[in-house]
>>> print(open('query.csv').read())   # CSV, C-alpha atoms
chain,number,residue,atom,x,y,z
R,531,MET,CA,0.0,0.0,0.0
R,532,SER,CA,1.4,3.3,-1.0
R,533,THR,CA,0.2,6.6,0.2
R,534,HIS,CA,-0.2,9.6,-2.2
R,535,VAL,CA,0.2,13.3,-2.0
R,536,GLU,CA,-2.5,15.1,-3.9
R,537,LEU,CA,-2.2,18.7,-4.8
R,538,HIS,CA,-2.8,21.2,-7.5
R,539,HIS,CA,0.5,22.5,-8.8
R,540,ARG,CA,-0.2,25.9,-10.2
R,541,ARG,CA,2.1,25.4,-13.2
R,542,VAL,CA,1.7,21.7,-13.9
R,543,GLY,CA,-1.9,21.0,-12.8
R,544,PRO,CA,-3.3,18.4,-10.5
R,545,LEU,CA,-0.8,15.9,-9.2
R,546,ARG,CA,-1.2,12.7,-7.4
R,547,VAL,CA,2.2,11.6,-6.3
R,548,PRO,CA,3.0,8.4,-4.5
R,549,THR,CA,5.1,9.4,-1.5
R,550,GLU,CA,7.8,7.0,-2.5
R,551,GLU,CA,8.4,8.9,-5.7
R,552,ILE,CA,9.0,12.3,-4.1
R,553,LEU,CA,12.5,13.4,-4.8
R,554,GLU,CA,14.4,15.0,-2.0
R,555,ILE,CA,16.8,17.7,-3.1
R,556,ASP,CA,19.1,19.3,-0.6
R,557,TYR,CA,19.7,22.6,-2.2
R,558,VAL,CA,18.6,24.2,-5.4
R,559,PRO,CA,20.6,27.5,-5.8
R,560,GLY,CA,18.2,30.4,-6.0
R,561,PHE,CA,15.4,28.4,-4.4
R,562,PRO,CA,16.6,27.4,-0.9
R,563,LYS,CA,13.2,26.4,0.4
R,564,ALA,CA,12.6,24.0,-2.5
R,565,LYS,CA,13.4,20.6,-1.1
R,566,ARG,CA,10.8,18.2,-2.6
R,567,PHE,CA,10.2,17.6,-6.2
R,568,VAL,CA,8.4,15.2,-8.4
R,569,LEU,CA,9.2,14.2,-12.0
R,570,VAL,CA,6.1,14.3,-14.3
R,571,GLU,CA,6.0,13.4,-17.9
R,572,HIS,CA,5.5,16.3,-20.2
R,573,GLY,CA,3.7,14.4,-22.9
R,574,GLU,CA,3.9,11.4,-25.0
R,575,GLY,CA,7.0,11.4,-27.2
R,576,SER,CA,8.4,14.4,-25.5
R,577,PRO,CA,12.0,14.1,-24.3
R,578,PHE,CA,11.1,16.6,-21.5
R,579,LEU,CA,9.9,16.1,-18.0
R,580,TRP,CA,8.4,18.5,-15.5
R,581,MET,CA,10.4,18.7,-12.3
R,582,ALA,CA,7.7,20.2,-10.2
R,583,CYS,CA,8.3,21.5,-6.7
R,584,LEU,CA,6.0,20.3,-3.9
R,585,ASP,CA,7.1,23.0,-1.5
R,586,ASP,CA,6.5,25.9,-3.9
R,587,LEU,CA,3.5,25.2,-6.1
R,588,ASP,CA,4.6,27.9,-8.5
R,589,LEU,CA,8.0,26.4,-9.1
R,590,VAL,CA,8.7,24.0,-11.9
R,591,PHE,CA,11.6,23.2,-14.1
R,592,ALA,CA,11.5,21.6,-17.5
R,593,VAL,CA,14.2,18.9,-17.5
R,594,THR,CA,15.5,16.4,-20.0
R,595,ASP,CA,18.2,13.8,-20.5
R,596,PRO,CA,21.0,15.9,-21.8
R,597,HIS,CA,22.5,13.0,-23.7
R,598,PHE,CA,19.5,13.0,-26.0
R,599,PHE,CA,20.7,16.4,-27.3
R,600,PHE,CA,24.3,16.2,-26.5
R,601,PRO,CA,25.6,12.6,-26.9
R,602,ASP,CA,29.1,13.6,-26.0
R,603,TYR,CA,28.1,15.3,-22.7
R,604,ASP,CA,30.3,13.8,-20.1
R,605,PRO,CA,30.1,15.5,-16.7
R,606,LYS,CA,32.4,14.3,-14.0
R,607,PHE,CA,30.8,13.7,-10.7
R,608,SER,CA,32.7,13.3,-7.5
R,609,GLN,CA,32.3,10.5,-5.1
R,610,ASP,CA,30.9,13.0,-2.7
R,611,ASP,CA,28.2,14.0,-5.2
R,612,LEU,CA,27.2,10.4,-5.6
R,613,GLU,CA,27.3,9.6,-2.0
R,614,SER,CA,25.2,12.6,-1.1
R,615,ILE,CA,22.3,10.9,-3.0
R,616,GLY,CA,23.1,7.5,-1.8
R,617,ALA,CA,24.6,6.3,-5.0
R,618,LYS,CA,27.6,4.0,-5.1
R,619,SER,CA,28.5,4.5,-8.7
R,620,PRO,CA,27.5,6.8,-11.6
R,621,GLU,CA,25.4,3.9,-12.9
R,622,ASP,CA,23.1,4.3,-10.0
R,623,ALA,CA,22.3,7.8,-11.0
R,624,VAL,CA,20.3,9.5,-13.8
R,625,VAL,CA,21.5,12.8,-15.1
R,626,LEU,CA,19.0,15.5,-16.0
R,627,ALA,CA,19.6,19.0,-17.3
R,628,ILE,CA,17.4,22.0,-16.7
R,629,ALA,CA,16.0,23.4,-19.9
R,630,ASN,CA,15.4,27.1,-20.6
R,631,VAL,CA,13.3,27.8,-23.7
R,632,ARG,CA,13.4,31.6,-23.3
R,633,GLY,CA,14.7,33.4,-26.4
R,634,PRO,CA,15.0,32.2,-29.9
R,635,VAL,CA,16.9,29.0,-29.2
R,636,PRO,CA,16.1,26.6,-26.4
R,637,ALA,CA,19.0,25.9,-24.1
R,638,LEU,CA,20.1,23.4,-21.5
R,639,ASN,CA,22.0,24.1,-18.3
R,640,LEU,CA,24.9,21.7,-18.7
R,641,ALA,CA,27.0,23.4,-16.1
R,642,ALA,CA,24.7,22.4,-13.3
R,643,PRO,CA,23.0,19.1,-14.0
R,644,VAL,CA,20.6,17.4,-11.6
R,645,LEU,CA,21.8,14.0,-10.5
R,646,VAL,CA,19.0,11.7,-9.4
R,647,ASN,CA,19.2,8.4,-7.6
R,648,ARG,CA,15.8,6.9,-8.4
R,649,ASP,CA,16.2,4.1,-5.9
R,650,ALA,CA,16.7,6.4,-3.0
R,651,ASN,CA,14.7,9.2,-4.5
R,652,ARG,CA,17.4,11.7,-3.7
R,653,ALA,CA,18.8,14.3,-6.0
R,654,ILE,CA,21.3,17.0,-6.1
R,655,GLN,CA,22.1,19.8,-8.4
R,656,VAL,CA,25.8,19.5,-9.1
R,657,LEU,CA,27.6,22.7,-9.8
R,658,LEU,CA,30.4,21.3,-12.0
R,659,PRO,CA,33.7,22.8,-10.9
R,660,ASP,CA,35.2,23.0,-14.4
R,661,ASP,CA,34.3,25.5,-17.1
R,662,ARG,CA,33.7,23.0,-19.9
R,663,TYR,CA,29.9,23.5,-19.9
R,664,SER,CA,27.6,26.4,-20.1
R,665,THR,CA,24.6,27.2,-18.0
R,666,ARG,CA,22.9,28.1,-21.2
R,667,GLN,CA,24.0,25.7,-24.0
R,668,PRO,CA,21.8,26.2,-27.0
R,669,LEU,CA,20.2,23.0,-28.3
R,670,PRO,CA,21.7,21.7,-31.6
R,671,GLN,CA,19.5,22.4,-34.5
R,672,PRO,CA,17.2,19.5,-35.2
R,673,GLN,CA,18.0,17.7,-38.4
R,674,PRO,CA,15.4,16.5,-40.9
R,675,GLU,CA,15.0,12.8,-40.5
R,676,ASN,CA,15.7,11.9,-44.1
R,677,GLU,CA,18.9,13.8,-44.2
R,678,SER,CA,21.1,12.0,-41.8
R,679,VAL,CA,24.5,13.4,-42.7
R,680,THR,CA,26.4,12.9,-39.6
R,681,GLY,CA,26.7,9.7,-37.6
R,682,THR,CA,26.6,11.2,-34.2
R,683,GLY,CA,22.9,10.7,-33.5
R,684,SER,CA,22.1,7.6,-35.6
R,685,GLY,CA,21.8,4.4,-33.8
R,686,GLY,CA,21.8,6.2,-30.5
R,687,PRO,CA,19.4,5.4,-27.8
R,688,ALA,CA,15.9,6.8,-27.8
R,689,PRO,CA,15.4,9.8,-25.4
R,690,SER,CA,15.4,7.5,-22.5
R,691,ALA,CA,13.6,9.5,-20.0
R,692,PRO,CA,14.1,8.2,-16.5
R,693,THR,CA,11.2,6.5,-14.9
R,694,THR,CA,8.6,9.1,-14.3
R,695,ALA,CA,6.0,9.6,-11.7
R,696,GLY,CA,3.1,8.6,-13.8
R,697,PRO,CA,-0.4,8.9,-12.6
L,1006,MET,CA,31.1,41.4,8.5
L,1007,LEU,CA,33.7,39.9,10.8
L,1008,VAL,CA,37.2,40.8,9.6
L,1009,LEU,CA,40.2,38.8,10.7
L,1010,THR,CA,43.9,39.0,9.6
L,1011,ARG,CA,45.7,35.7,9.1
L,1012,LYS,CA,49.2,34.8,7.9
L,1013,GLU,CA,50.1,32.0,5.6
L,1014,HIS,CA,49.5,28.6,7.1
L,1015,GLU,CA,47.3,30.0,9.8
L,1016,ALA,CA,43.7,28.9,10.0
L,1017,LEU,CA,40.4,29.8,11.4
L,1018,ARG,CA,37.4,27.8,12.5
L,1019,ILE,CA,33.7,28.3,11.8
L,1020,GLY,CA,31.7,26.5,14.3
L,1021,ALA,CA,32.9,23.1,15.4
L,1022,ASP,CA,33.2,21.5,12.0
L,1023,VAL,CA,34.7,23.9,9.5
L,1024,ARG,CA,38.3,24.8,9.3
L,1025,VAL,CA,39.7,27.3,6.8
L,1026,VAL,CA,43.4,27.4,6.2
L,1027,ILE,CA,45.4,30.1,4.3
L,1028,LEU,CA,47.7,27.9,2.3
L,1029,GLY,CA,49.6,30.6,0.4
L,1030,VAL,CA,49.5,34.1,-0.9
L,1031,SER,CA,51.2,35.1,-4.1
L,1032,GLY,CA,50.6,37.7,-6.8
L,1033,GLY,CA,47.2,38.8,-5.5
L,1034,ASN,CA,45.9,35.2,-5.2
L,1035,VAL,CA,45.1,33.6,-2.0
L,1036,ARG,CA,45.0,29.8,-1.8
L,1037,ILE,CA,42.6,28.6,0.7
L,1038,GLY,CA,42.0,25.1,2.1
L,1039,ILE,CA,38.7,24.2,3.5
L,1040,GLU,CA,37.9,21.3,5.7
L,1041,ALA,CA,34.2,20.9,6.1
L,1042,PRO,CA,31.6,18.2,6.5
L,1043,ARG,CA,30.7,16.9,3.1
L,1044,GLU,CA,27.1,17.9,3.5
L,1045,LEU,CA,28.2,21.5,3.4
L,1046,THR,CA,28.6,22.6,-0.2
L,1047,VAL,CA,31.6,24.9,-0.7
L,1048,LEU,CA,31.7,26.8,-4.0
L,1049,ARG,CA,33.3,29.8,-5.6
L,1050,GLU,CA,30.8,32.5,-5.2
L,1051,GLU,CA,30.7,33.4,-8.9
L,1052,VAL,CA,29.9,29.7,-9.8
L,1053,HIS,CA,27.1,29.7,-7.3
L,1054,GLU,CA,25.7,33.1,-8.5
L,1055,ARG,CA,25.7,31.9,-12.1
L,1056,VAL,CA,23.7,28.9,-11.2
L,1057,VAL,CA,21.3,30.9,-9.1
L,1058,ALA,CA,20.7,33.2,-12.1
L,1059,ALA,CA,20.3,30.3,-14.4
L,1060,ASN,CA,17.8,28.5,-12.2
L,1061,ARG,CA,15.7,31.6,-11.6
L,1062,GLU,CA,15.6,32.3,-15.3
L,1063,ALA,CA,14.8,28.7,-16.1
L,1064,ALA,CA,11.9,28.7,-13.7
L,1065,ALA,CA,10.3,31.8,-15.3
L,1066,PRO,CA,7.0,31.0,-17.1
L,1067,GLU,CA,8.4,31.9,-20.5
L,1068,SER,CA,11.3,29.6,-19.9
L,1069,ILE,CA,9.3,26.5,-19.5
L,1070,ASP,CA,7.0,26.9,-22.5
L,1071,LEU,CA,7.6,23.3,-23.8
L,1072,GLY,CA,5.0,23.8,-26.5
L,1073,SER,CA,7.3,26.2,-28.2
L,1074,ILE,CA,10.3,23.8,-27.6
L,1075,THR,CA,8.5,20.9,-29.3
L,1076,ASP,CA,7.5,23.2,-32.2
L,1077,TRP,CA,11.1,24.2,-32.4
L,1078,MET,CA,12.4,20.7,-32.4
L,1079,SER,CA,10.1,19.7,-35.3
L,1080,SER,CA,11.0,22.7,-37.4
L,1081,PRO,CA,14.5,22.1,-38.7
L,1082,ASN,CA,14.5,25.2,-40.8
L,1083,SER,CA,14.0,27.7,-38.1
L,1084,GLU,CA,16.1,30.8,-38.4
L,1085,ASN,CA,18.7,30.0,-35.8
L,1086,GLY,CA,21.6,27.7,-35.8
L,1087,LYS,CA,21.7,27.1,-39.5
L,1088,ASP,CA,24.7,25.1,-40.5
L,1089,GLU,CA,24.3,24.2,-44.0
L,1090,SER,CA,27.4,22.8,-45.6
>>> encode(input="query.csv", output="C-alpha coordinates")
Amino acid sequence: MSTHVELHHRRVGPLRVPTEEILEIDYVPGFPKAKRFVLVEHGEGSPFLWMACLDDLDLVFAVTDPHFFFPDYDPKFSQDDLESIGAKSPEDAVVLAIANVRGPVPALNLAAPVLVNRDANRAIQVLLPDDRYSTRQPLPQPQPENESVTGTGSGGPAPSAPTTAGP
Amino acid sequence: MLVLTRKEHEALRIGADVRVVILGVSGGNVRIGIEAPRELTVLREEVHERVVAANREAAAPESIDLGSITDWMSSPNSENGKDES
(Lines of atoms letter the chains of each structure in order from A and count residues from 1; the text may use other names and numbers.)
(Lines give C-alpha, C1' and ligand atoms only; values in the text may rest on other atoms or scores of the structure.)
Protein backbone atom coordinates (compact mmCIF):
# COMPACT_ATOMS: atom_id res chain seq x y z
CA MET A 1 0.00 0.00 0.00
CA SER A 2 1.41 3.31 -0.98
CA THR A 3 0.16 6.64 0.15
CA HIS A 4 -0.20 9.58 -2.15
CA VAL A 5 0.16 13.28 -1.96
CA GLU A 6 -2.55 15.08 -3.88
CA LEU A 7 -2.18 18.69 -4.75
CA HIS A 8 -2.79 21.21 -7.46
CA HIS A 9 0.47 22.53 -8.83
CA ARG A 10 -0.21 25.95 -10.24
CA ARG A 11 2.08 25.41 -13.21
CA VAL A 12 1.66 21.72 -13.95
CA GLY A 13 -1.87 21.03 -12.80
CA PRO A 14 -3.31 18.44 -10.46
CA LEU A 15 -0.80 15.91 -9.21
CA ARG A 16 -1.24 12.67 -7.38
CA VAL A 17 2.18 11.59 -6.27
CA PRO A 18 3.04 8.36 -4.52
CA THR A 19 5.08 9.39 -1.50
CA GLU A 20 7.85 7.00 -2.48
CA GLU A 21 8.36 8.92 -5.71
CA ILE A 22 9.01 12.26 -4.09
CA LEU A 23 12.53 13.43 -4.80
CA GLU A 24 14.42 15.00 -1.97
CA ILE A 25 16.84 17.68 -3.07
CA ASP A 26 19.09 19.25 -0.55
CA TYR A 27 19.66 22.59 -2.19
CA VAL A 28 18.62 24.22 -5.43
CA PRO A 29 20.59 27.45 -5.83
CA GLY A 30 18.16 30.36 -6.00
CA PHE A 31 15.38 28.36 -4.35
CA PRO A 32 16.64 27.43 -0.89
CA LYS A 33 13.20 26.39 0.37
CA ALA A 34 12.58 23.98 -2.49
CA LYS A 35 13.39 20.55 -1.09
CA ARG A 36 10.85 18.17 -2.57
CA PHE A 37 10.18 17.65 -6.24
CA VAL A 38 8.41 15.19 -8.42
CA LEU A 39 9.16 14.23 -12.01
CA VAL A 40 6.13 14.27 -14.25
CA GLU A 41 5.97 13.35 -17.91
CA HIS A 42 5.52 16.30 -20.19
CA GLY A 43 3.72 14.41 -22.85
CA GLU A 44 3.88 11.36 -25.02
CA GLY A 45 6.99 11.37 -27.18
CA SER A 46 8.40 14.44 -25.51
CA PRO A 47 11.97 14.14 -24.27
CA PHE A 48 11.12 16.56 -21.50
CA LEU A 49 9.86 16.07 -18.00
CA TRP A 50 8.45 18.48 -15.50
CA MET A 51 10.40 18.69 -12.30
CA ALA A 52 7.68 20.19 -10.17
CA CYS A 53 8.33 21.48 -6.70
CA LEU A 54 6.01 20.33 -3.94
CA ASP A 55 7.12 23.00 -1.50
CA ASP A 56 6.45 25.88 -3.86
CA LEU A 57 3.52 25.19 -6.13
CA ASP A 58 4.57 27.94 -8.53
CA LEU A 59 7.97 26.40 -9.13
CA VAL A 60 8.66 23.97 -11.91
CA PHE A 61 11.61 23.25 -14.12
CA ALA A 62 11.54 21.60 -17.50
CA VAL A 63 14.24 18.92 -17.51
CA THR A 64 15.53 16.41 -19.99
CA ASP A 65 18.15 13.77 -20.52
CA PRO A 66 21.04 15.93 -21.76
CA HIS A 67 22.54 13.02 -23.69
CA PHE A 68 19.53 13.05 -25.97
CA PHE A 69 20.65 16.42 -27.32
CA PHE A 70 24.35 16.20 -26.51
CA PRO A 71 25.55 12.60 -26.90
CA ASP A 72 29.09 13.59 -25.95
CA TYR A 73 28.08 15.27 -22.72
CA ASP A 74 30.33 13.80 -20.07
CA PRO A 75 30.09 15.54 -16.72
CA LYS A 76 32.43 14.28 -14.03
CA PHE A 77 30.77 13.71 -10.71
CA SER A 78 32.72 13.35 -7.55
CA GLN A 79 32.33 10.48 -5.14
CA ASP A 80 30.88 12.99 -2.69
CA ASP A 81 28.22 14.01 -5.20
CA LEU A 82 27.24 10.39 -5.62
CA GLU A 83 27.34 9.58 -1.95
CA SER A 84 25.18 12.56 -1.11
CA ILE A 85 22.33 10.93 -3.03
CA GLY A 86 23.11 7.47 -1.75
CA ALA A 87 24.59 6.25 -5.03
CA LYS A 88 27.60 4.00 -5.08
CA SER A 89 28.52 4.52 -8.69
CA PRO A 90 27.49 6.76 -11.60
CA GLU A 91 25.42 3.87 -12.92
CA ASP A 92 23.07 4.28 -9.97
CA ALA A 93 22.25 7.82 -10.97
CA VAL A 94 20.35 9.51 -13.75
CA VAL A 95 21.53 12.82 -15.13
CA LEU A 96 19.02 15.50 -16.02
CA ALA A 97 19.58 18.98 -17.34
CA ILE A 98 17.35 21.95 -16.71
CA ALA A 99 15.96 23.45 -19.89
CA ASN A 100 15.39 27.08 -20.62
CA VAL A 101 13.35 27.82 -23.70
CA ARG A 102 13.39 31.57 -23.32
CA GLY A 103 14.71 33.35 -26.37
CA PRO A 104 14.98 32.15 -29.93
CA VAL A 105 16.93 28.97 -29.24
CA PRO A 106 16.12 26.63 -26.35
CA ALA A 107 19.04 25.87 -24.11
CA LEU A 108 20.10 23.40 -21.46
CA ASN A 109 22.03 24.11 -18.32
CA LEU A 110 24.92 21.69 -18.75
CA ALA A 111 27.04 23.38 -16.09
CA ALA A 112 24.73 22.43 -13.26
CA PRO A 113 23.04 19.11 -14.01
CA VAL A 114 20.64 17.41 -11.65
CA LEU A 115 21.84 14.03 -10.50
CA VAL A 116 19.05 11.71 -9.43
CA ASN A 117 19.15 8.42 -7.60
CA ARG A 118 15.75 6.95 -8.38
CA ASP A 119 16.19 4.09 -5.94
CA ALA A 120 16.71 6.37 -2.99
CA ASN A 121 14.70 9.24 -4.50
CA ARG A 122 17.39 11.67 -3.68
CA ALA A 123 18.76 14.27 -6.02
CA ILE A 124 21.35 16.98 -6.07
CA GLN A 125 22.05 19.81 -8.43
CA VAL A 126 25.76 19.52 -9.07
CA LEU A 127 27.63 22.69 -9.85
CA LEU A 128 30.40 21.30 -12.01
CA PRO A 129 33.67 22.81 -10.92
CA ASP A 130 35.18 23.04 -14.37
CA ASP A 131 34.29 25.50 -17.10
CA ARG A 132 33.68 22.99 -19.85
CA TYR A 133 29.95 23.46 -19.89
CA SER A 134 27.63 26.42 -20.09
CA THR A 135 24.59 27.20 -17.97
CA ARG A 136 22.92 28.06 -21.25
CA GLN A 137 24.02 25.68 -23.97
CA PRO A 138 21.82 26.19 -27.04
CA LEU A 139 20.23 23.02 -28.30
CA PRO A 140 21.67 21.73 -31.56
CA GLN A 141 19.50 22.42 -34.54
CA PRO A 142 17.23 19.45 -35.19
CA GLN A 143 18.01 17.68 -38.43
CA PRO A 144 15.38 16.54 -40.88
CA GLU A 145 15.04 12.80 -40.49
CA ASN A 146 15.68 11.92 -44.12
CA GLU A 147 18.92 13.85 -44.15
CA SER A 148 21.12 11.97 -41.77
CA VAL A 149 24.46 13.41 -42.74
CA THR A 150 26.39 12.86 -39.58
CA GLY A 151 26.67 9.71 -37.63
CA THR A 152 26.58 11.21 -34.18
CA GLY A 153 22.94 10.68 -33.53
CA SER A 154 22.14 7.63 -35.57
CA GLY A 155 21.77 4.40 -33.76
CA GLY A 156 21.82 6.24 -30.48
CA PRO A 157 19.36 5.37 -27.82
CA ALA A 158 15.91 6.84 -27.76
CA PRO A 159 15.39 9.77 -25.44
CA SER A 160 15.37 7.46 -22.50
CA ALA A 161 13.57 9.52 -19.98
CA PRO A 162 14.05 8.22 -16.51
CA THR A 163 11.20 6.47 -14.87
CA THR A 164 8.62 9.08 -14.29
CA ALA A 165 6.01 9.64 -11.72
CA GLY A 166 3.10 8.58 -13.79
CA PRO A 167 -0.44 8.90 -12.60
CA MET B 1 31.14 41.39 8.52
CA LEU B 2 33.72 39.93 10.81
CA VAL B 3 37.21 40.83 9.63
CA LEU B 4 40.23 38.79 10.66
CA THR B 5 43.86 38.98 9.59
CA ARG B 6 45.69 35.71 9.07
CA LYS B 7 49.17 34.80 7.95
CA GLU B 8 50.09 31.98 5.62
CA HIS B 9 49.45 28.56 7.13
CA GLU B 10 47.27 30.03 9.82
CA ALA B 11 43.70 28.87 10.04
CA LEU B 12 40.36 29.81 11.39
CA ARG B 13 37.39 27.81 12.46
CA ILE B 14 33.72 28.32 11.77
CA GLY B 15 31.71 26.45 14.34
CA ALA B 16 32.93 23.05 15.41
CA ASP B 17 33.22 21.49 11.97
CA VAL B 18 34.67 23.94 9.53
CA ARG B 19 38.33 24.82 9.29
CA VAL B 20 39.71 27.31 6.79
CA VAL B 21 43.44 27.42 6.19
CA ILE B 22 45.39 30.05 4.31
CA LEU B 23 47.71 27.86 2.26
CA GLY B 24 49.57 30.57 0.43
CA VAL B 25 49.50 34.08 -0.91
CA SER B 26 51.18 35.10 -4.13
CA GLY B 27 50.63 37.72 -6.75
CA GLY B 28 47.21 38.79 -5.54
CA ASN B 29 45.95 35.22 -5.25
CA VAL B 30 45.13 33.57 -1.98
CA ARG B 31 45.03 29.79 -1.81
CA ILE B 32 42.57 28.59 0.73
CA GLY B 33 42.05 25.12 2.09
CA ILE B 34 38.68 24.24 3.54
CA GLU B 35 37.89 21.31 5.74
CA ALA B 36 34.16 20.95 6.14
CA PRO B 37 31.60 18.19 6.51
CA ARG B 38 30.69 16.90 3.09
CA GLU B 39 27.07 17.89 3.50
CA LEU B 40 28.21 21.49 3.37
CA THR B 41 28.63 22.62 -0.20
CA VAL B 42 31.59 24.87 -0.75
CA LEU B 43 31.66 26.81 -3.99
CA ARG B 44 33.30 29.76 -5.58
CA GLU B 45 30.78 32.53 -5.22
CA GLU B 46 30.69 33.37 -8.91
CA VAL B 47 29.88 29.74 -9.79
CA HIS B 48 27.08 29.74 -7.28
CA GLU B 49 25.69 33.06 -8.49
CA ARG B 50 25.75 31.90 -12.09
CA VAL B 51 23.65 28.87 -11.21
CA VAL B 52 21.28 30.95 -9.08
CA ALA B 53 20.70 33.20 -12.08
CA ALA B 54 20.32 30.25 -14.44
CA ASN B 55 17.84 28.50 -12.17
CA ARG B 56 15.74 31.61 -11.63
CA GLU B 57 15.61 32.27 -15.33
CA ALA B 58 14.80 28.65 -16.13
CA ALA B 59 11.88 28.70 -13.70
CA ALA B 60 10.29 31.77 -15.26
CA PRO B 61 7.03 31.01 -17.08
CA GLU B 62 8.38 31.92 -20.50
CA SER B 63 11.34 29.60 -19.95
CA ILE B 64 9.27 26.46 -19.53
CA ASP B 65 7.03 26.86 -22.54
CA LEU B 66 7.55 23.35 -23.76
CA GLY B 67 4.95 23.82 -26.45
CA SER B 68 7.33 26.17 -28.16
CA ILE B 69 10.27 23.84 -27.65
CA THR B 70 8.54 20.92 -29.27
CA ASP B 71 7.54 23.17 -32.16
CA TRP B 72 11.14 24.24 -32.44
CA MET B 73 12.36 20.65 -32.43
CA SER B 74 10.06 19.72 -35.27
CA SER B 75 11.02 22.70 -37.42
CA PRO B 76 14.54 22.06 -38.67
CA ASN B 77 14.55 25.16 -40.81
CA SER B 78 14.00 27.71 -38.13
CA GLU B 79 16.06 30.81 -38.36
CA ASN B 80 18.70 30.05 -35.80
CA GLY B 81 21.62 27.74 -35.80
CA LYS B 82 21.67 27.09 -39.49
CA ASP B 83 24.67 25.07 -40.45
CA GLU B 84 24.27 24.22 -44.04
CA SER B 85 27.39 22.83 -45.59
>>> closest_atom_pairs(input="query.csv", of="chain R", to="chain L", cutoff="8 Å", atoms="only C-alpha atoms", output="CSV")
residue,atom,partner,partner_atom,distance
R:Pro559,CA,L:Val1057,CA,4.8
R:Gly560,CA,L:Val1057,CA,4.4
R:Phe561,CA,L:Arg1061,CA,7.9
R:Ser576,CA,L:Thr1075,CA,7.5
R:Phe578,CA,L:Leu1071,CA,7.9
R:Leu589,CA,L:Ala1064,CA,6.5
R:Val590,CA,L:Ala1064,CA,6.0
R:Phe591,CA,L:Ala1064,CA,5.5
R:Ala592,CA,L:Ile1069,CA,5.7
R:Asp610,CA,L:Arg1043,CA,7.0
R:Ser614,CA,L:Glu1044,CA,7.3
R:Ile628,CA,L:Ala1063,CA,7.2
R:Ala629,CA,L:Ala1063,CA,6.6
R:Asn630,CA,L:Ala1063,CA,4.8
R:Val631,CA,L:Ser1068,CA,4.7
R:Arg632,CA,L:Ser1068,CA,4.5
R:Pro634,CA,L:Asn1085,CA,7.3
R:Val635,CA,L:Asn1085,CA,6.9
R:Pro636,CA,L:Ile1074,CA,6.6
R:Asn639,CA,L:Ala1059,CA,7.5
R:Ala642,CA,L:Val1056,CA,6.9
R:Leu657,CA,L:Val1052,CA,7.4
R:Pro659,CA,L:Val1052,CA,8.0
R:Thr665,CA,L:Ala1059,CA,6.4
R:Arg666,CA,L:Ala1059,CA,7.6
R:Pro670,CA,L:Gly1086,CA,7.3
R:Gln671,CA,L:Gly1086,CA,5.8
R:Pro672,CA,L:Pro1081,CA,5.1
R:Gln673,CA,L:Pro1081,CA,5.6
R:Pro674,CA,L:Pro1081,CA,6.1
>>> atom_distance(input="query.csv", atom1="CA of Leu658 (chain R)", atom2="CA of Asn1034 (chain L)")
21.9 Å
>>> residues_around(input="query.csv", residues="region 585-587 of chain R", least_positions_apart="2", cutoff="7 Å", atoms="all atoms listed in the file", output="number ranges by chain")
R: 539-540, 564-566, 583, 589
>>> atom_distance(input="query.csv", atom1="CA of Gly543 (chain R)", atom2="CA of Ile555 (chain R)")
21.3 Å
>>> atom_distance(input="query.csv", atom1="CA of Ile615 (chain R)", atom2="CA of Arg652 (chain R)")
5.0 Å
>>> residues_around(input="query.csv", residues="Gly1020 (chain L)", least_positions_apart="6", cutoff="12 Å", atoms="only C-alpha atoms", output="list of chain:residue names")
L:Glu1040, L:Ala1041, L:Pro1042
>>> closest_residue(input="query.csv", among="R:Ala627, R:Val644, R:Val542, R:Leu537", to="Val558 (chain R)", atoms="all atoms listed in the file")
R:Val644
>>> residues_around(input="query.csv", residues="Ser619 (chain R)", least_positions_apart="2", cutoff="12 Å", atoms="all atoms listed in the file", output="ChimeraX atom specification")
/R:606-617,621-624,645-647
>>> closest_residue(input="query.csv", among="R:Asp660, R:Lys618, R:Val570, R:Asp602", to="Val547 (chain R)", atoms="all atoms listed in the file")
R:Val570
>>> closest_residue(input="query.csv", among="R:Leu584, R:Arg541, R:Gln667, R:Glu550", to="Pro596 (chain R)", atoms="all atoms listed in the file")
R:Gln667
